$ cat query_15.txt   # compact mmCIF, C-alpha atoms
# COMPACT_ATOMS: atom_id res chain seq x y z
CA MET A 1 1.52 -2.84 -10.42
CA HIS A 2 2.12 -6.52 -11.17
CA GLU A 3 2.26 -7.51 -7.51
CA VAL A 4 -0.76 -9.81 -7.74
CA SER A 5 0.91 -11.84 -10.51
CA VAL A 6 4.15 -11.86 -8.54
CA ALA A 7 2.26 -13.11 -5.47
CA LEU A 8 0.58 -15.81 -7.55
CA SER A 9 3.94 -16.98 -8.96
CA LEU A 10 5.31 -17.11 -5.43
CA LEU A 11 2.36 -19.16 -4.26
CA GLU A 12 2.72 -21.52 -7.22
CA GLY A 13 6.42 -22.00 -6.42
CA VAL A 14 5.73 -22.67 -2.75
CA GLU A 15 2.89 -25.08 -3.49
CA THR A 16 4.96 -27.04 -6.00
CA THR A 17 7.78 -27.57 -3.51
CA ALA A 18 5.35 -28.26 -0.67
CA LEU A 19 3.48 -30.88 -2.68
CA ALA A 20 6.71 -32.63 -3.64
CA GLN A 21 7.86 -32.78 -0.01
CA GLY A 22 4.49 -33.50 1.61
CA ILE A 23 4.37 -30.16 3.42
CA GLU A 24 0.91 -29.13 4.51
CA ARG A 25 1.46 -25.85 6.29
CA VAL A 26 3.70 -22.86 5.59
CA GLN A 27 4.48 -20.25 8.24
CA ALA A 28 6.70 -17.85 6.34
CA VAL A 29 8.06 -17.30 2.86
CA HIS A 30 11.33 -15.56 2.02
CA VAL A 31 11.75 -13.60 -1.17
CA ARG A 32 14.36 -11.29 -2.67
CA ILE A 33 13.14 -8.35 -4.73
CA GLY A 34 15.52 -6.11 -6.64
CA ALA A 35 15.26 -2.32 -6.64
CA LEU A 36 14.86 -2.32 -10.44
CA SER A 37 11.99 -4.80 -10.46
CA GLY A 38 9.28 -2.19 -9.92
CA VAL A 39 7.67 -4.30 -7.20
CA VAL A 40 6.25 -2.31 -4.29
CA ARG A 41 6.75 -3.99 -0.92
CA ASP A 42 3.40 -2.99 0.64
CA ALA A 43 1.46 -3.91 -2.47
CA LEU A 44 3.17 -7.32 -2.57
CA THR A 45 2.42 -8.02 1.10
CA PHE A 46 -1.18 -6.98 0.56
CA SER A 47 -1.48 -9.20 -2.54
CA TRP A 48 0.11 -12.11 -0.69
CA ASP A 49 -2.52 -11.99 2.07
CA ILE A 50 -5.26 -12.09 -0.55
CA VAL A 51 -3.94 -14.80 -2.87
CA THR A 52 -3.01 -17.14 -0.02
CA ALA A 53 -6.50 -17.26 1.47
CA GLN A 54 -7.59 -20.90 1.83
CA THR A 55 -4.22 -22.25 0.76
CA ILE A 56 -1.41 -23.88 2.73
CA CYS A 57 0.09 -20.39 3.00
CA GLU A 58 -2.94 -18.75 4.58
CA GLY A 59 -1.86 -16.38 7.33
CA SER A 60 1.83 -16.86 6.49
CA GLU A 61 4.32 -14.06 6.70
CA LEU A 62 6.02 -12.81 3.55
CA ARG A 63 9.61 -11.79 4.37
CA ILE A 64 10.89 -9.51 1.69
CA GLU A 65 14.58 -8.80 1.31
CA GLU A 66 15.04 -5.72 -0.85
CA VAL A 67 18.13 -6.01 -3.02
CA PRO A 68 19.69 -2.65 -3.86
CA LEU A 69 20.85 -1.71 -7.33
CA VAL A 70 24.57 -2.40 -7.61
CA VAL A 71 26.69 -1.81 -10.70
CA TYR A 72 30.28 -2.67 -11.44
CA CYS A 73 32.11 0.58 -12.12
CA LYS A 74 35.12 0.07 -14.36
CA PRO A 75 37.00 3.32 -13.58
CA CYS A 76 36.58 2.70 -9.83
CA ALA A 77 37.27 -1.02 -10.34
CA GLY A 78 34.58 -1.92 -7.85
CA GLU A 79 30.91 -2.34 -7.09
CA ARG A 80 28.91 0.83 -6.51
CA SER A 81 25.29 1.66 -5.63
CA PRO A 82 23.86 4.40 -7.84
CA ARG A 83 21.62 6.89 -6.05
CA PRO A 84 17.89 6.41 -6.71
CA GLY A 85 16.82 8.31 -9.83
CA SER A 86 20.34 8.59 -11.19
CA GLY A 87 20.14 5.60 -13.50
CA LEU A 88 23.36 3.60 -13.60
CA LEU A 89 25.55 6.52 -12.64
CA CYS A 90 28.43 5.75 -10.28
CA PRO A 91 27.97 7.98 -7.20
CA GLU A 92 31.73 8.41 -6.88
CA CYS A 93 33.16 9.03 -10.34
CA ALA A 94 29.91 9.81 -12.25
CA THR A 95 30.64 7.24 -14.96
CA VAL A 96 27.61 5.38 -16.31
CA SER A 97 28.11 1.66 -15.96
CA PRO A 98 26.33 -0.86 -18.20
CA ASN A 99 27.14 -3.73 -15.85
CA ILE A 100 24.30 -4.40 -13.44
CA VAL A 101 25.49 -6.69 -10.64
CA SER A 102 22.24 -6.84 -8.68
CA GLY A 103 18.87 -5.15 -8.49
CA ARG A 104 16.90 -7.19 -11.01
CA GLU A 105 16.09 -10.07 -8.63
CA MET A 106 12.65 -11.58 -8.22
CA GLN A 107 13.42 -14.73 -6.34
CA LEU A 108 11.60 -17.15 -4.13
CA VAL A 109 14.31 -18.14 -1.67
CA ALA A 110 12.86 -20.41 1.00
CA MET A 111 9.94 -21.20 3.25
CA GLU A 112 9.56 -21.90 6.94
CA VAL A 113 7.40 -24.87 7.84
CA PRO A 114 6.51 -26.61 11.14
CA GLU A 115 8.99 -29.37 12.08
CA MET B 116 5.71 -22.37 20.09
CA THR B 117 5.97 -24.62 17.08
CA LYS B 118 9.49 -25.36 15.98
CA LEU B 119 10.11 -24.34 12.41
CA ARG B 120 12.47 -25.63 9.77
CA VAL B 121 13.63 -23.82 6.69
CA VAL B 122 13.07 -25.38 3.28
CA GLU B 123 15.14 -23.89 0.49
CA ILE B 124 13.39 -23.28 -2.81
CA ALA B 125 15.65 -20.92 -4.81
CA ARG B 126 13.42 -20.20 -7.75
CA ASN B 127 13.40 -17.27 -10.11
CA LEU B 128 9.85 -15.95 -10.40
CA MET B 129 10.32 -15.23 -14.07
CA MET B 130 11.37 -18.84 -14.69
CA ARG B 131 8.05 -19.93 -16.18
CA ASN B 132 7.70 -16.87 -18.39
CA ASP B 133 11.29 -17.14 -19.56
CA ALA B 134 10.87 -20.81 -20.46
CA ILE B 135 7.84 -20.02 -22.63
CA ALA B 136 9.69 -17.05 -24.16
CA GLU B 137 12.55 -19.37 -25.15
CA ARG B 138 10.10 -21.69 -26.90
CA LEU B 139 8.65 -18.69 -28.74
CA ARG B 140 12.17 -17.64 -29.72
CA ASP B 141 12.80 -21.09 -31.21
CA ARG B 142 9.56 -20.91 -33.12
CA PHE B 143 10.41 -17.47 -34.53
CA ALA B 144 13.92 -18.64 -35.45
CA GLU B 145 12.38 -21.48 -37.40
CA SER B 146 9.94 -19.26 -39.26
CA GLY B 147 12.47 -16.44 -39.75
CA THR B 148 10.07 -13.95 -38.18
CA LEU B 149 11.46 -10.76 -36.69
CA VAL B 150 9.64 -9.96 -33.46
CA VAL B 151 9.44 -6.39 -32.22
CA ASN B 152 8.10 -5.62 -28.73
CA LEU B 153 6.97 -2.00 -28.33
CA LEU B 154 6.93 -0.55 -24.82
CA SER B 155 5.84 2.88 -23.67
CA SER B 156 3.59 4.83 -21.33
CA PRO B 157 -0.03 5.28 -22.42
CA GLY B 158 -0.24 7.94 -25.11
CA SER B 159 3.36 7.95 -26.38
CA GLY B 160 2.23 7.04 -29.88
CA LYS B 161 2.76 3.27 -30.22
CA THR B 162 -0.37 2.76 -32.28
CA THR B 163 0.23 5.75 -34.56
CA LEU B 164 3.82 4.67 -35.20
CA LEU B 165 2.61 1.16 -35.99
CA GLU B 166 -0.09 2.45 -38.36
CA ARG B 167 2.48 4.39 -40.40
CA THR B 168 4.96 1.50 -40.17
CA LEU B 169 2.45 -1.06 -41.51
CA ASP B 170 1.58 1.31 -44.37
CA ARG B 171 5.24 1.62 -45.29
CA LEU B 172 5.91 -2.13 -45.15
CA ALA B 173 2.69 -3.06 -47.00
CA GLY B 174 3.05 -5.25 -50.07
CA ARG B 175 6.72 -6.00 -49.35
CA TYR B 176 6.63 -7.90 -46.09
CA ARG B 177 4.09 -10.12 -44.39
CA ALA B 178 3.34 -8.41 -41.11
CA GLY B 179 1.28 -9.37 -38.08
CA VAL B 180 0.32 -7.41 -34.98
CA LEU B 181 -0.61 -8.47 -31.48
CA VAL B 182 -2.03 -5.65 -29.39
CA GLY B 183 -2.26 -5.77 -25.63
CA ASP B 184 -4.74 -3.61 -23.77
CA GLN B 185 -6.44 -3.92 -20.43
CA ALA B 186 -9.80 -3.13 -22.09
CA THR B 187 -11.18 -2.30 -25.57
CA ASP B 188 -9.94 -3.39 -28.98
CA ASN B 189 -9.76 0.19 -30.32
CA ASP B 190 -6.07 -0.05 -31.14
CA ALA B 191 -6.43 -3.37 -32.93
CA VAL B 192 -9.24 -1.87 -35.01
CA ARG B 193 -7.03 1.08 -35.95
CA LEU B 194 -4.27 -1.29 -37.04
CA ARG B 195 -6.44 -3.51 -39.20
CA ARG B 196 -5.25 -3.51 -42.80
CA ASP B 197 -5.49 -5.72 -45.84
CA GLY B 198 -2.93 -8.46 -45.61
CA VAL B 199 -2.02 -7.75 -41.99
CA ARG B 200 -3.10 -10.23 -39.38
CA THR B 201 -4.10 -8.30 -36.26
CA GLU B 202 -5.27 -9.61 -32.95
CA GLN B 203 -6.25 -8.02 -29.69
CA ILE B 204 -5.10 -9.55 -26.43
CA THR B 205 -7.30 -8.19 -23.66
CA THR B 206 -5.32 -8.52 -20.48
CA GLY B 207 -8.01 -7.44 -18.00
CA ALA B 208 -6.41 -6.81 -14.64
CA GLU B 209 -2.92 -7.60 -15.94
CA CYS B 210 -0.79 -4.57 -16.65
CA ARG B 211 1.47 -6.23 -19.25
CA LEU B 212 1.68 -9.01 -21.80
CA ASP B 213 3.52 -12.18 -20.89
CA ALA B 214 4.97 -14.96 -23.00
CA ASP B 215 2.06 -17.28 -22.29
CA MET B 216 -0.43 -14.75 -23.69
CA ILE B 217 1.63 -14.45 -26.88
CA SER B 218 1.90 -18.20 -27.18
CA LYS B 219 -1.87 -18.65 -26.79
CA ALA B 220 -2.68 -15.89 -29.28
CA LEU B 221 -0.31 -17.41 -31.85
CA ALA B 222 -1.88 -20.83 -31.40
CA ARG B 223 -4.85 -19.33 -33.23
CA TRP B 224 -2.59 -18.45 -36.20
CA PRO B 225 -1.27 -21.90 -37.06
CA ASP B 226 -0.49 -21.31 -40.71
CA GLU B 227 0.65 -17.73 -40.60
CA ARG B 228 4.12 -17.23 -42.12
CA LEU B 229 5.20 -13.78 -41.08
CA ASP B 230 8.30 -11.75 -41.88
CA VAL B 231 7.67 -9.48 -38.96
CA LEU B 232 5.48 -9.60 -35.88
CA PHE B 233 4.87 -6.42 -33.92
CA ILE B 234 3.74 -6.71 -30.34
CA GLU B 235 2.21 -3.54 -28.96
CA ASN B 236 2.48 -3.98 -25.23
CA VAL B 237 0.09 -2.55 -22.65
CA GLY B 238 0.83 1.14 -22.10
CA ASN B 239 3.00 0.95 -18.99
CA LEU B 240 6.74 1.26 -18.45
CA ILE B 241 7.07 -0.78 -15.27
CA CYS B 242 5.65 -4.29 -15.60
CA PRO B 243 6.24 -5.02 -19.31
CA ALA B 244 9.97 -4.50 -18.78
CA GLU B 245 10.16 -7.70 -16.72
CA TYR B 246 8.56 -9.97 -19.29
CA ASP B 247 10.53 -11.49 -22.12
CA LEU B 248 8.14 -12.21 -25.00
CA GLY B 249 10.71 -13.97 -27.18
CA GLU B 250 11.33 -10.77 -29.10
CA ASP B 251 14.42 -9.90 -31.15
CA LEU B 252 14.04 -6.19 -30.72
CA ARG B 253 12.66 -4.36 -27.74
CA VAL B 254 11.79 -0.80 -28.54
CA VAL B 255 10.96 1.75 -25.87
CA LEU B 256 9.10 4.87 -27.00
CA PHE B 257 8.70 8.18 -25.28
CA SER B 258 7.24 11.35 -26.65
CA VAL B 259 8.70 14.84 -26.44
CA THR B 260 5.93 15.86 -24.01
CA GLU B 261 6.74 13.31 -21.34
CA GLY B 262 9.71 14.90 -19.62
CA GLU B 263 13.33 14.32 -20.51
CA ASP B 264 14.02 12.48 -17.25
CA LYS B 265 11.56 9.68 -18.01
CA PRO B 266 14.34 7.11 -18.57
CA LEU B 267 15.62 7.80 -15.05
CA LYS B 268 12.18 7.10 -13.62
CA TYR B 269 11.80 3.82 -15.50
CA PRO B 270 15.38 2.56 -15.77
CA LEU B 271 14.61 -1.09 -16.45
CA ALA B 272 12.41 -0.41 -19.48
CA PHE B 273 15.09 1.73 -21.08
CA ASN B 274 17.94 -0.51 -19.99
CA THR B 275 16.45 -3.66 -21.47
CA ALA B 276 15.47 -2.05 -24.80
CA GLN B 277 17.84 -2.22 -27.77
CA LEU B 278 16.37 0.92 -29.24
CA ALA B 279 14.83 4.09 -27.81
CA VAL B 280 12.46 6.03 -30.06
CA VAL B 281 11.56 9.62 -29.27
CA THR B 282 8.14 10.32 -30.82
CA LYS B 283 6.10 13.42 -31.74
CA THR B 284 9.16 15.46 -32.66
CA ASP B 285 6.94 17.71 -34.82
CA ILE B 286 5.80 19.43 -31.61
CA ALA B 287 9.21 19.40 -29.91
CA ASP B 288 9.76 23.14 -30.17
CA ALA B 289 6.25 24.00 -29.02
CA VAL B 290 6.64 21.98 -25.84
CA GLY B 291 10.23 23.07 -25.18
CA TYR B 292 11.73 19.59 -25.59
CA ASP B 293 15.36 19.51 -24.48
CA ARG B 294 17.01 17.06 -26.84
CA ALA B 295 20.39 16.97 -25.10
CA ALA B 296 18.79 16.36 -21.69
CA ALA B 297 16.69 13.50 -23.07
CA ARG B 298 19.76 11.89 -24.63
CA THR B 299 21.73 12.27 -21.42
CA SER B 300 19.05 10.55 -19.37
CA ILE B 301 18.75 7.67 -21.84
CA GLU B 302 22.56 7.30 -21.80
CA GLN B 303 22.46 7.26 -18.03
CA VAL B 304 20.42 4.05 -17.94
CA LYS B 305 21.68 2.56 -21.20
CA PRO B 306 25.19 3.59 -22.14
CA GLY B 307 25.67 3.58 -25.91
CA ALA B 308 21.93 3.33 -26.54
CA ARG B 309 20.69 3.63 -30.10
CA ILE B 310 18.21 6.50 -30.25
CA LEU B 311 15.86 7.48 -33.09
CA GLU B 312 13.83 10.66 -33.17
CA LEU B 313 10.76 10.75 -35.36
CA SER B 314 7.31 12.07 -36.02
CA ALA B 315 4.89 9.46 -37.34
CA ARG B 316 2.53 12.29 -38.26
CA THR B 317 4.88 14.30 -40.50
CA GLY B 318 7.05 11.34 -41.49
CA SER B 319 10.24 13.02 -40.28
CA GLY B 320 12.75 10.38 -39.13
CA MET B 321 10.55 7.56 -40.43
CA ASP B 322 13.02 6.52 -43.14
CA GLU B 323 15.65 5.65 -40.58
CA TRP B 324 13.14 3.62 -38.53
CA ILE B 325 11.84 1.73 -41.56
CA GLY B 326 15.39 1.19 -42.81
CA LEU B 327 16.40 -0.30 -39.48
CA LEU B 328 13.38 -2.61 -39.46
CA GLU B 329 13.97 -3.76 -43.03
CA GLU B 330 17.58 -4.55 -42.28
CA ARG B 331 16.58 -6.57 -39.22
CA ILE B 332 13.78 -8.36 -41.12
CA ARG B 333 16.24 -9.41 -43.85
CA ASP B 334 18.88 -10.53 -41.33
CA LYS B 335 16.35 -12.68 -39.49
CA ALA B 336 15.09 -14.29 -42.69
CA LEU B 337 18.68 -15.18 -43.66
CA VAL B 338 19.46 -17.20 -40.58
CA VAL B 339 16.40 -19.41 -40.63
CA VAL B 340 16.99 -22.50 -38.51
CA ARG B 341 15.53 -25.66 -39.96
$ encode --input "query_15.txt" --output "structure tokens"
Amino acid sequence: MHEVSVALSLLEGVETTALAQGIERVQAVHVRIGALSGVVRDALTFSWDIVTAQTICEGSELRIEEVPLVVYCKPCAGERSPRPGSGLLCPECATVSPNIVSGREMQLVAMEVPE
Amino acid sequence: MTKLRVVEIARNLMMRNDAIAERLRDRFAESGTLVVNLLSSPGSGKTTLLERTLDRLAGRYRAGVLVGDQATDNDAVRLRRDGVRTEQITTGAECRLDADMISKALARWPDERLDVLFIENVGNLICPAEYDLGEDLRVVLFSVTEGEDKPLKYPLAFNTAQLAVVTKTDIADAVGYDRAAARTSIEQVKPGARILELSARTGSGMDEWIGLLEERIRDKALVVVR
């Protein structure tokens, strides 16, 4: 639901870096979005196309890496991926783990620009 | 084909919001103001709980309320009371409040010295969970009619809250509310969660809620940073 604001923050981040480095054209942008972030891939791509119109990112591709939810399960002494809709429940030993290792990401990673 | 090079950026998208939230936190530490951010779906009873809460705190604590809604100031009007500063933040297309909106609203209250500031977020359990507003206490509400598995559908909102409040318990029996199932699903996204069950309408469970708030208000006032 907040994909337009996410797209705008991405654009702002890209433009800031581009301005500082004298970059005038961006071909692709890489982002990492965690499973817990509530961001919908299609909605983000759609928002990106709209907010980048008439900017240095116009027509650029948004490459989204979806980061799964991973918790550290103490009884198993290892990282585990809870099944969707099961909260933070370890799929192996059914213990609930409070330690979220990944899945909350909303990161602008990099951009691809012409040489 | 054009040759491309990769430019690393490595930037957290919440960076700007979080920086403003930290400044708000400093400001609230200085003024000794407890800040409570209320999150829930539309219709869980945030406004009704706040109405009863303001009535109970009246005359003893200086309270303020910021209310976020996409349209209308109906909730802010309901919350207006003598001695309580209330302001509507109309978010338009935005589905949540962010730290910048809070900061701008508070800029219009330069001389307000508050013991407690309630922020009623936009009714939505997805987006508001991402945005730190500089609060001390994040409270997530859900009513007995909403389905006991709600926490599993919106794990981040329940995981990031320090307190879960189950509302409308006066109609729990009528709607077949399964208390144990609700607790299990909250526990499943927030192990060891503190859970309160109350009915703002009948007042049942309200003493515990008010007691908790008063304790937190006093604690915050004691550690004022100058």
$ closest_residue --input "query_15.txt" --among "B:Ile135, B:Ala308, B:Leu194, B:Leu232" --to "chain A" --atoms "only C-alpha atoms"
B:Ala308
$ residues_near_point --input "query_15.txt" --point "(14.6, 2.9, -20.5)" --cutoff "9 Å" --atoms "all atoms listed in the file" --output "VMD selection string"
chain B and resid 240 244 255 to 256 265 to 276 279 300 to 301 304 to 305
$ write_last_selection --input "query_15.txt" --atoms "C-alpha atoms" --output "CSV table (one decimal), in the coordinates of the input"
chain,number,residue,atom,x,y,z
B,240,LEU,CA,6.7,1.3,-18.4
B,244,ALA,CA,10.0,-4.5,-18.8
B,255,VAL,CA,11.0,1.8,-25.9
B,256,LEU,CA,9.1,4.9,-27.0
B,265,LYS,CA,11.6,9.7,-18.0
B,266,PRO,CA,14.3,7.1,-18.6
B,267,LEU,CA,15.6,7.8,-15.0
B,268,LYS,CA,12.2,7.1,-13.6
B,269,TYR,CA,11.8,3.8,-15.5
B,270,PRO,CA,15.4,2.6,-15.8
B,271,LEU,CA,14.6,-1.1,-16.4
B,272,ALA,CA,12.4,-0.4,-19.5
B,273,PHE,CA,15.1,1.7,-21.1
B,274,ASN,CA,17.9,-0.5,-20.0
B,275,THR,CA,16.4,-3.7,-21.5
B,276,ALA,CA,15.5,-2.0,-24.8
B,279,ALA,CA,14.8,4.1,-27.8
B,300,SER,CA,19.0,10.6,-19.4
B,301,ILE,CA,18.8,7.7,-21.8
B,304,VAL,CA,20.4,4.0,-17.9
B,305,LYS,CA,21.7,2.6,-21.2
$ residues_around --input "query_15.txt" --residues "Ala110 in chain A" --least-positions-apart "3" --cutoff "8 Å" --atoms "only C-alpha atoms" --output "PyMOL selection string"
(chain A and resi 29-31) or (chain B and resi 121-125)
$ atom_distance --input "query_15.txt" --atom1 "CA of Arg294 in chain B" --atom2 "CA of Thr95 in chain A"
20.6 Å
$ atom_distance --input "query_15.txt" --atom1 "CA of Gly87 in chain A" --atom2 "CA of Glu105 in chain A"
16.9 Å
$ closest_residue --input "query_15.txt" --among "A:Cys93, A:Leu88, A:Thr45, A:Arg104" --to "chain B" --atoms "all atoms listed in the file"
A:Leu88
$ axis_aligned_box --input "query_15.txt" --around "range 26-44 of chain A" --padding-each-side "8 Å" --output "JSON"
{"center_x": 8.5, "center_y": -12.5, "center_z": -1.1, "size_x": 30.1, "size_y": 36.7, "size_z": 34.7}
$ atom_distance --input "query_15.txt" --atom1 "CA of Lys335 in chain B" --atom2 "CA of Arg138 in chain B"
16.7 Å
$ closest_atom_pairs --input "query_15.txt" --of "chain A" --to "chain B" --cutoff "7 Å" --atoms "all atoms listed in the file" --output "JSON lines"
{"residue": "A:Met1", "atom": "CA", "partner": "B:Cys242", "partner_atom": "CA", "distance": 6.8}
{"residue": "A:His2", "atom": "CA", "partner": "B:Cys242", "partner_atom": "CA", "distance": 6.1}
{"residue": "A:Ser9", "atom": "CA", "partner": "B:Leu128", "partner_atom": "CA", "distance": 6.2}
{"residue": "A:Leu10", "atom": "CA", "partner": "B:Leu128", "partner_atom": "CA", "distance": 6.8}
{"residue": "A:Leu36", "atom": "CA", "partner": "B:Leu271", "partner_atom": "CA", "distance": 6.1}
{"residue": "A:Gly38", "atom": "CA", "partner": "B:Ile241", "partner_atom": "CA", "distance": 6.0}
{"residue": "A:Gly85", "atom": "CA", "partner": "B:Leu267", "partner_atom": "CA", "distance": 5.4}
{"residue": "A:Ser86", "atom": "CA", "partner": "B:Leu267", "partner_atom": "CA", "distance": 6.1}
{"residue": "A:Gly87", "atom": "CA", "partner": "B:Val304", "partner_atom": "CA", "distance": 4.7}
{"residue": "A:Leu88", "atom": "CA", "partner": "B:Val304", "partner_atom": "CA", "distance": 5.3}
{"residue": "A:Leu89", "atom": "CA", "partner": "B:Gln303", "partner_atom": "CA", "distance": 6.3}
{"residue": "A:Val96", "atom": "CA", "partner": "B:Gln303", "partner_atom": "CA", "distance": 5.7}
{"residue": "A:Pro98", "atom": "CA", "partner": "B:Pro306", "partner_atom": "CA", "distance": 6.1}
{"residue": "A:Met106", "atom": "CA", "partner": "B:Leu128", "partner_atom": "CA", "distance": 5.6}
{"residue": "A:Gln107", "atom": "CA", "partner": "B:Asn127", "partner_atom": "CA", "distance": 4.5}
{"residue": "A:Leu108", "atom": "CA", "partner": "B:Arg126", "partner_atom": "CA", "distance": 5.1}
{"residue": "A:Val109", "atom": "CA", "partner": "B:Ala125", "partner_atom": "CA", "distance": 4.4}
{"residue": "A:Ala110", "atom": "CA", "partner": "B:Glu123", "partner_atom": "CA", "distance": 4.2}
{"residue": "A:Met111", "atom": "CA", "partner": "B:Val122", "partner_atom": "CA", "distance": 5.2}
{"residue": "A:Glu112", "atom": "CA", "partner": "B:Val121", "partner_atom": "CA", "distance": 4.5}
{"residue": "A:Val113", "atom": "CA", "partner": "B:Leu119", "partner_atom": "CA", "distance": 5.3}
{"residue": "A:Pro114", "atom": "CA", "partner": "B:Leu119", "partner_atom": "CA", "distance": 4.4}
{"residue": "A:Glu115", "atom": "CA", "partner": "B:Leu119", "partner_atom": "CA", "distance": 5.2}
$ residues_around --input "query_15.txt" --residues "Ser258 in chain B" --least-positions-apart "5" --cutoff "7 Å" --atoms "all atoms listed in the file" --output "list in words"
Ser159, Val281, Thr282 and Lys283 of chain B
$ closest_residue --input "query_15.txt" --among "B:Ser319, B:Asn132, B:Ser155, B:Val180" --to "Val6 in chain A" --atoms "all atoms listed in the file"
B:Asn132
$ residues_near_point --input "query_15.txt" --point "(-6.0, 1.5, -33.9)" --cutoff "9 Å" --atoms "all atoms listed in the file" --output "ChimeraX atom specification"
/B:162-163,165-166,188-195
$ closest_residue --input "query_15.txt" --among "B:Phe143, B:Ala214, B:Val150, B:Asn236" --to "Gln185 in chain B" --atoms "only C-alpha atoms"
B:Asn236
